[in-house]
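What follows is the content of input_26.cif, which has mmCIF, C-alpha atoms:
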data_model
#
loop_
_atom_site.label_atom_id
_atom_site.label_comp_id
_atom_site.auth_asym_id
_atom_site.auth_seq_id
_atom_site.Cartn_x
_atom_site.Cartn_y
_atom_site.Cartn_z
CA MET A 1 5.81 -10.13 0.07
CA ILE A 2 3.18 -8.23 -1.90
CA ILE A 3 4.59 -4.97 -3.27
CA ILE A 4 2.28 -2.07 -4.04
CA GLY A 5 4.13 0.53 -6.09
CA GLU A 6 3.57 3.99 -4.61
CA LYS A 7 5.02 6.35 -7.21
CA ILE A 8 1.91 7.32 -9.21
CA ASN A 9 0.67 9.76 -6.63
CA GLY A 10 -0.15 13.39 -7.31
CA SER A 11 1.18 14.46 -3.91
CA ILE A 12 4.68 13.84 -5.34
CA PRO A 13 5.55 17.18 -6.99
CA SER A 14 6.86 15.77 -10.29
CA VAL A 15 3.84 13.47 -10.62
CA GLY A 16 1.43 16.24 -9.69
CA GLN A 17 2.92 18.39 -12.45
CA ALA A 18 2.62 15.51 -14.94
CA ILE A 19 -1.04 15.06 -14.01
CA GLU A 20 -1.69 18.78 -14.42
CA ARG A 21 -0.07 18.70 -17.88
CA ARG A 22 -1.73 15.35 -18.73
CA ASP A 23 1.75 14.05 -19.57
CA ALA A 24 0.86 10.47 -20.46
CA ASP A 25 4.42 9.50 -21.41
CA PHE A 26 5.69 10.43 -17.94
CA ILE A 27 2.98 8.37 -16.21
CA ARG A 28 3.38 5.37 -18.54
CA ASP A 29 7.14 5.33 -17.97
CA LEU A 30 6.63 5.49 -14.20
CA ALA A 31 4.19 2.59 -14.37
CA LYS A 32 6.51 0.43 -16.49
CA ARG A 33 9.56 1.08 -14.31
CA GLN A 34 7.69 0.01 -11.18
CA VAL A 35 6.42 -3.17 -12.83
CA ASP A 36 9.90 -3.96 -14.15
CA SER A 37 11.22 -3.51 -10.59
CA GLY A 38 8.85 -6.09 -9.10
CA ALA A 39 5.58 -4.33 -8.21
CA ASP A 40 2.57 -6.64 -7.85
CA TYR A 41 0.06 -3.76 -7.83
CA LEU A 42 0.32 -0.09 -8.74
CA ASP A 43 -1.21 2.49 -6.44
CA VAL A 44 -2.91 5.20 -8.50
CA CYS A 45 -3.75 8.39 -6.62
CA ALA A 46 -4.61 11.79 -8.10
CA GLY A 47 -3.62 13.62 -4.91
CA THR A 48 -5.34 16.79 -6.06
CA SER A 49 -8.18 19.05 -4.96
CA THR A 50 -11.66 17.58 -4.59
CA ASP A 51 -13.08 19.45 -7.57
CA LYS A 52 -10.37 18.06 -9.88
CA GLU A 53 -9.89 14.59 -8.39
CA PHE A 54 -12.47 12.56 -10.30
CA GLU A 55 -11.32 13.69 -13.76
CA ALA A 56 -7.63 13.37 -12.83
CA LEU A 57 -8.06 9.89 -11.35
CA CYS A 58 -10.00 8.67 -14.39
CA TRP A 59 -7.23 9.93 -16.67
CA LEU A 60 -4.56 8.28 -14.51
CA VAL A 61 -6.38 4.93 -14.44
CA ASP A 62 -6.83 4.94 -18.23
CA THR A 63 -3.21 5.94 -18.84
CA VAL A 64 -1.74 3.31 -16.53
CA GLN A 65 -3.98 0.56 -17.92
CA GLU A 66 -2.72 1.38 -21.43
CA ALA A 67 0.87 0.91 -20.27
CA VAL A 68 0.90 -2.15 -18.01
CA ASP A 69 -1.15 -5.27 -17.35
CA ILE A 70 -1.07 -5.65 -13.58
CA PRO A 71 -3.89 -4.88 -11.15
CA LEU A 72 -4.27 -1.40 -9.70
CA CYS A 73 -4.62 -0.17 -6.16
CA VAL A 74 -7.06 2.67 -6.80
CA ASP A 75 -6.51 5.32 -4.14
CA SER A 76 -8.67 8.19 -2.90
CA PRO A 77 -9.75 9.54 0.50
CA ASN A 78 -13.21 10.04 -1.02
CA ALA A 79 -15.22 6.81 -1.06
CA HIS A 80 -17.78 8.26 -3.45
CA ILE A 81 -15.11 9.06 -6.04
CA LEU A 82 -13.84 5.49 -5.76
CA LYS A 83 -17.37 4.27 -6.39
CA GLU A 84 -17.49 6.24 -9.65
CA VAL A 85 -13.99 5.31 -10.85
CA ILE A 86 -13.96 1.56 -10.16
CA PRO A 87 -16.31 0.57 -13.03
CA ARG A 88 -13.77 1.81 -15.62
CA ILE A 89 -10.99 -0.42 -14.21
CA LYS A 90 -10.47 -3.52 -16.36
CA ARG A 91 -9.58 -6.05 -13.67
CA SER A 92 -10.13 -6.40 -9.95
CA GLY A 93 -7.37 -4.99 -7.78
CA ILE A 94 -7.25 -3.25 -4.40
CA ILE A 95 -9.45 -0.40 -3.17
CA ASN A 96 -7.49 2.09 -1.09
CA SER A 97 -9.21 2.51 1.27
CA VAL A 98 -11.99 1.92 3.78
CA SER A 99 -12.03 2.87 7.46
CA GLY A 100 -14.37 3.38 10.39
CA GLU A 101 -14.94 7.00 9.35
CA ASP A 102 -18.28 8.39 8.17
CA ASP A 103 -20.13 6.12 5.72
CA LYS A 104 -17.09 4.59 4.05
CA CYS A 105 -18.02 0.98 4.86
CA GLU A 106 -21.51 1.46 3.45
CA VAL A 107 -20.07 2.88 0.22
CA ILE A 108 -17.04 0.63 -0.33
CA PHE A 109 -18.14 -2.84 0.76
CA PRO A 110 -21.09 -3.09 -1.68
CA LEU A 111 -18.60 -2.43 -4.51
CA MET A 112 -16.87 -5.71 -3.63
CA LYS A 113 -19.88 -8.00 -4.00
CA GLY A 114 -19.73 -10.48 -6.88
CA ASN A 115 -16.12 -9.77 -7.87
CA ASP A 116 -12.52 -10.27 -6.71
CA TRP A 117 -11.77 -6.76 -5.47
CA GLN A 118 -9.70 -6.51 -2.28
CA VAL A 119 -9.51 -3.55 0.09
CA ILE A 120 -7.07 -1.77 2.39
CA ALA A 121 -8.75 -1.12 5.74
CA LEU A 122 -7.29 1.65 7.89
CA THR A 123 -7.46 1.44 11.69
CA CYS A 124 -9.02 4.84 12.22
CA ASP A 125 -12.55 6.05 12.88
CA ASP A 126 -14.36 9.28 13.65
CA LYS A 127 -12.27 9.63 16.82
CA GLY A 128 -9.04 9.70 14.77
CA ILE A 129 -5.97 7.47 14.56
CA PRO A 130 -5.27 5.64 17.81
CA ALA A 131 -1.77 5.17 19.15
CA GLU A 132 -2.58 2.15 21.31
CA ALA A 133 -2.42 -1.36 19.87
CA GLU A 134 -5.66 -2.30 21.64
CA ARG A 135 -7.64 0.39 19.79
CA LYS A 136 -6.04 -0.49 16.46
CA ILE A 137 -7.06 -4.11 16.98
CA GLU A 138 -10.58 -3.11 18.03
CA ILE A 139 -11.14 -1.01 14.89
CA ALA A 140 -9.65 -3.72 12.66
CA ALA A 141 -12.01 -6.29 14.17
CA ARG A 142 -15.01 -4.01 13.58
CA LEU A 143 -14.04 -3.52 9.94
CA ILE A 144 -13.45 -7.23 9.33
CA GLU A 145 -16.77 -8.13 10.93
CA LYS A 146 -18.59 -5.39 9.01
CA ALA A 147 -17.11 -6.71 5.76
CA ALA A 148 -18.41 -10.19 6.62
CA GLU A 149 -21.95 -8.77 6.58
CA TYR A 150 -21.41 -8.13 2.86
CA GLY A 151 -19.96 -11.60 2.25
CA ILE A 152 -16.37 -10.32 2.18
CA GLY A 153 -13.91 -12.69 3.86
CA PRO A 154 -10.74 -11.68 5.76
CA GLU A 155 -8.58 -12.98 2.89
CA ARG A 156 -9.75 -10.01 0.77
CA ILE A 157 -8.74 -7.43 3.38
CA TYR A 158 -5.39 -5.71 4.00
CA ILE A 159 -5.37 -4.14 7.45
CA ASP A 160 -3.14 -1.07 7.75
CA PRO A 161 -2.56 -0.40 11.49
CA LEU A 162 -1.42 3.16 10.65
CA VAL A 163 1.95 3.54 12.32
CA LEU A 164 2.44 6.96 13.90
CA ALA A 165 5.56 9.12 13.74
CA LEU A 166 8.29 7.82 16.02
CA SER A 167 9.29 11.40 16.81
CA ALA A 168 5.90 11.99 18.43
CA VAL A 169 5.01 8.52 19.75
CA ASN A 170 8.11 6.70 20.91
CA ASP A 171 6.47 3.26 21.14
CA SER A 172 4.67 3.53 17.79
CA MET A 173 6.69 0.68 16.25
CA LEU A 174 5.95 -1.62 19.18
CA SER A 175 2.22 -0.83 19.03
CA PHE A 176 2.19 -1.39 15.29
CA MET A 177 3.87 -4.80 15.62
CA GLU A 178 1.61 -5.84 18.48
CA ALA A 179 -1.43 -4.91 16.41
CA ILE A 180 -0.24 -6.92 13.40
CA ARG A 181 0.46 -10.02 15.46
CA GLU A 182 -2.88 -9.96 17.27
CA ILE A 183 -4.97 -9.16 14.19
CA LYS A 184 -3.38 -12.02 12.26
CA HIS A 185 -3.85 -14.32 15.27
CA ARG A 186 -7.57 -13.54 15.46
CA TYR A 187 -8.14 -13.54 11.70
CA PRO A 188 -5.59 -15.91 10.11
CA GLY A 189 -6.70 -15.17 6.54
CA VAL A 190 -6.34 -11.40 6.76
CA LYS A 191 -3.37 -9.59 5.23
CA THR A 192 -1.57 -6.53 6.61
CA THR A 193 0.12 -3.62 4.91
CA SER A 194 1.69 -0.22 5.50
CA GLY A 195 3.56 2.63 3.89
CA LEU A 196 7.00 3.56 5.23
CA SER A 197 7.18 7.34 5.44
CA ASN A 198 4.96 8.07 8.46
CA ILE A 199 7.26 6.33 10.94
CA SER A 200 10.18 8.66 10.17
CA PHE A 201 8.29 11.95 9.87
CA GLY A 202 10.21 14.82 11.47
CA MET A 203 13.43 12.82 11.88
CA PRO A 204 16.87 13.20 10.28
CA TYR A 205 18.24 10.50 7.97
CA ARG A 206 14.77 9.05 7.43
CA LYS A 207 16.05 6.27 5.19
CA ALA A 208 17.60 4.41 8.15
CA ILE A 209 14.35 4.53 10.11
CA ASN A 210 12.24 3.48 7.13
CA LEU A 211 14.36 0.47 6.18
CA ASN A 212 14.57 -0.80 9.75
CA PHE A 213 10.82 -0.30 10.13
CA LEU A 214 10.33 -2.44 7.04
CA THR A 215 12.48 -5.26 8.41
CA LEU A 216 10.83 -5.24 11.83
CA ALA A 217 7.34 -5.10 10.32
CA LEU A 218 8.12 -8.10 8.11
CA SER A 219 9.35 -10.01 11.17
CA ALA A 220 6.00 -9.26 12.87
CA GLY A 221 4.12 -10.77 9.92
CA MET A 222 3.36 -7.83 7.64
CA ASP A 223 2.35 -9.24 4.25
CA SER A 224 2.54 -6.19 2.02
CA ALA A 225 4.04 -2.70 1.77
CA ILE A 226 3.23 0.40 -0.23
CA ILE A 227 6.70 1.36 -1.40
CA ASP A 228 8.85 2.60 -4.26
CA PRO A 229 9.99 -0.70 -5.85
CA THR A 230 12.55 1.16 -7.99
CA ASN A 231 14.46 2.07 -4.82
CA ARG A 232 17.21 -0.53 -4.73
CA ASP A 233 17.80 -0.27 -0.98
CA THR A 234 14.12 -0.80 -0.19
CA TYR A 235 13.79 -3.76 -2.54
CA ALA A 236 17.00 -5.31 -1.21
CA THR A 237 15.76 -4.90 2.37
CA ILE A 238 12.57 -6.81 1.55
CA LEU A 239 14.43 -9.68 -0.10
CA ALA A 240 17.06 -9.88 2.64
CA ALA A 241 14.42 -9.87 5.38
CA GLU A 242 12.43 -12.61 3.62
CA ALA A 243 15.59 -14.70 3.27
CA LEU A 244 16.43 -14.25 6.96
CA LEU A 245 12.87 -15.17 7.96
CA ASN A 246 13.02 -18.38 5.86
CA LYS A 247 10.42 -17.08 3.42
CA ASP A 248 12.66 -17.45 0.37
CA ARG A 249 13.31 -21.14 -0.26
CA PHE A 250 16.94 -21.74 -1.26
CA LEU A 251 17.33 -17.93 -1.59
CA ARG A 252 15.90 -18.11 -5.10
CA LYS A 253 14.27 -14.66 -5.12
CA TYR A 254 17.28 -12.98 -3.53
CA SER A 255 19.76 -14.62 -5.90
CA LYS A 256 17.65 -13.95 -8.98
CA ALA A 257 17.27 -10.27 -8.09
CA TYR A 258 21.03 -9.99 -7.69
CA ARG A 259 21.68 -11.69 -11.04
CA LEU A 260 19.24 -9.35 -12.74
CA GLY A 261 20.93 -6.35 -11.18
CA ARG A 262 17.90 -5.26 -9.14
CA ILE A 263 19.89 -5.35 -5.90
CA GLY A 264 23.56 -4.91 -5.10
CA PRO A 265 25.95 -2.21 -6.31
CA GLU A 266 24.84 -0.48 -9.47
CA LYS A 267 27.05 -1.19 -12.43
CA LYS A 268 29.04 1.81 -13.51
CA THR A 269 28.61 2.89 -17.10
CA GLN A 270 31.58 4.01 -19.14
#

Could you write out this structure as structure tokens?
Amino acid sequence: MIIIGEKINGSIPSVGQAIERRDADFIRDLAKRQVDSGADYLDVCAGTSTDKEFEALCWLVDTVQEAVDIPLCVDSPNAHILKEVIPRIKRSGIINSVSGEDDKCEVIFPLMKGNDWQVIALTCDDKGIPAEAERKIEIAARLIEKAAEYGIGPERIYIDPLVLALSAVNDSMLSFMEAIREIKHRYPGVKTTSGLSNISFGMPYRKAINLNFLTLALSAGMDSAIIDPTNRDTYATILAAEALLNKDRFLRKYSKAYRLGRIGPEKKTQ
């Protein structure tokens, strides 16, 4: 499974404060800990007001690139800010994100010509986020076909079917899984991804919902997740699910993670 580390996000209070203070040591440490815990990409999101976002995101990108040598998932709701920030990134990673809203396709897809950049494509448009699997699939198909007009194949796209809160939409998990299965059936090369927190919004003991969501999503074919890789329970859930789904030959990844102390009971210090 492809792990996108989610912790460098200004919407997290401690990270937002570090960005405001330009605390490079805090950000570098957060980047290194996520990489050491198994992240394949690091999401980098300023999560601040529009007037401050460009400067903050540039500083974050530079700071993280000084600390670690893995590709970034550069994250902003503003496609035009992404367009300005991407040229300062040293290696191709993932653009987060494009959708059917406004002119995002026309801004983002040209940035991916002649390079190896990938993109997260959200199943929403100017009508909002649909609850029904059929609409999610329809928007995903439009985005994949639009990308093809720019020479971008499905293998460079991560579709996020945008799971809705279970507390508001009781069949949101079933719709999400149906969308993943059908999208991957129609476009075998495409990848799928999701965060965890939306599914449990407004519910008690959110951890139980999130971890079970992760397992069920993996069983439906989800290829990636935007998570906190330093969370031992989350990382263990991924490895256990992959082992159960026969995606970990001879349990090598699971066993290695246990030997390295990344999963299992934490060792008590004297």

* If the PyMOL selection byres ((chain A and resi 145) around 12) is run on the structure shown, which residues does it catch, given as a list in words? ->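 Against this file, the PyMOL selection byres ((chain A and resi 145) around 12) returns the residues Gly100, Cys105, Phe109, Ala121, Glu138, Ile139, Ala140, Ala141, Arg142, Leu143, Ile144, Lys146, Ala147, Ala148, Glu149, Tyr150, Gly151, Ile152, Gly153, Pro154, Ile157, Arg186, Tyr187 and Val190 of chain A.
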
* So how many Å separate atom CA of A:Gly38 and atom CA of A:Ile86, to one decimal? -> 24.1 Å

* Pick from A:Lys207, A:Lys256, A:Lys90, A:Lys7: nearest to A:Ala31, with only C-alpha atoms counted? ->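 Going through A:Lys207, A:Lys256, A:Lys90, A:Lys7 one by one, the smallest distance to A:Ala31 is for A:Lys7.
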
* To do: Could you tell me which residues the PyMOL selection byres ((chain A and resi 84) around 12) grabs in this file, written as a ChimeraX atom specification?
  => /A:53-55,57-58,74,76,78-83,85-89,107-108,111

* Structure fact -> If you count only C-alpha atoms, the residue of A:Ala165, A:Thr192, A:Phe176, A:Cys45 closest to A:Val119 turns out to be A:Thr192

* To do: Starting from the point (4.6, -8.4, -8.8), work out which residues of protein, DNA or RNA have an atom no more than 12 Å away when counting all atoms listed in the file; state them as a PyMOL selection string.
  => chain A and resi 1-5+32+34-42+68-72+224+229

Once you have the residues from the selection above, write them out as a PDB file, keeping the file's coordinate frame, restricted to C-alpha atoms.
ATOM      1  CA  MET A   1       5.810 -10.130   0.070  1.00  0.00           C
ATOM      2  CA  ILE A   2       3.180  -8.230  -1.900  1.00  0.00           C
ATOM      3  CA  ILE A   3       4.590  -4.970  -3.270  1.00  0.00           C
ATOM      4  CA  ILE A   4       2.280  -2.070  -4.040  1.00  0.00           C
ATOM      5  CA  GLY A   5       4.130   0.530  -6.090  1.00  0.00           C
ATOM      6  CA  LYS A  32       6.510   0.430 -16.490  1.00  0.00           C
ATOM      7  CA  GLN A  34       7.690   0.010 -11.180  1.00  0.00           C
ATOM      8  CA  VAL A  35       6.420  -3.170 -12.830  1.00  0.00           C
ATOM      9  CA  ASP A  36       9.900  -3.960 -14.150  1.00  0.00           C
ATOM     10  CA  SER A  37      11.220  -3.510 -10.590  1.00  0.00           C
ATOM     11  CA  GLY A  38       8.850  -6.090  -9.100  1.00  0.00           C
ATOM     12  CA  ALA A  39       5.580  -4.330  -8.210  1.00  0.00           C
ATOM     13  CA  ASP A  40       2.570  -6.640  -7.850  1.00  0.00           C
ATOM     14  CA  TYR A  41       0.060  -3.760  -7.830  1.00  0.00           C
ATOM     15  CA  LEU A  42       0.320  -0.090  -8.740  1.00  0.00           C
ATOM     16  CA  VAL A  68       0.900  -2.150 -18.010  1.00  0.00           C
ATOM     17  CA  ASP A  69      -1.150  -5.270 -17.350  1.00  0.00           C
ATOM     18  CA  ILE A  70      -1.070  -5.650 -13.580  1.00  0.00           C
ATOM     19  CA  PRO A  71      -3.890  -4.880 -11.150  1.00  0.00           C
ATOM     20  CA  LEU A  72      -4.270  -1.400  -9.700  1.00  0.00           C
ATOM     21  CA  SER A 224       2.540  -6.190   2.020  1.00  0.00           C
ATOM     22  CA  PRO A 229       9.990  -0.700  -5.850  1.00  0.00           C
TER      23      PRO A 229
END

* Name the residues that the PyMOL selection byres ((chain A and resi 163) around 12) picks from the file above, as an MDAnalysis selection string, using the file's chain letters and numbers. => chainID A and resid 122:124 129:133 136 159:162 164:180 193:201 210 213:214 217

I'd like the box whose edges run along x, y and z of the file and which contains every listed atom of stretch 212-226 of chain A, padded by 4 Å per side; could you state its centre and edge lengths in Å, one decimal, as JSON?
{"center_x": 8.5, "center_y": -5.2, "center_z": 6.3, "size_x": 20.2, "size_y": 19.2, "size_z": 21.1}

* Asked: So how many Å separate atom CA of A:Ser14 and atom CA of A:Phe26, to one decimal?
  ->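 Between atom CA of A:Ser14 and atom CA of A:Phe26 the gap is 9.4 Å.
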
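What separates atom CA of A:Ser11 from atom CA of A:Gly47 is a distance of 5.0 Å.
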
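Ranking A:Trp59, A:Asp125, A:Tyr205, A:Thr237 by their shortest atom-to-atom distance to A:Asp103, with all atoms listed in the file included, puts A:Asp125 first.
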
* **Surrounding residues of A:Arg262 excluding itself and chain neighbours under 2 positions, 10 Å, all atoms listed in the file, as a ChimeraX atom specification** => /A:36-38,229-233,235-236,254,256-260,264-266
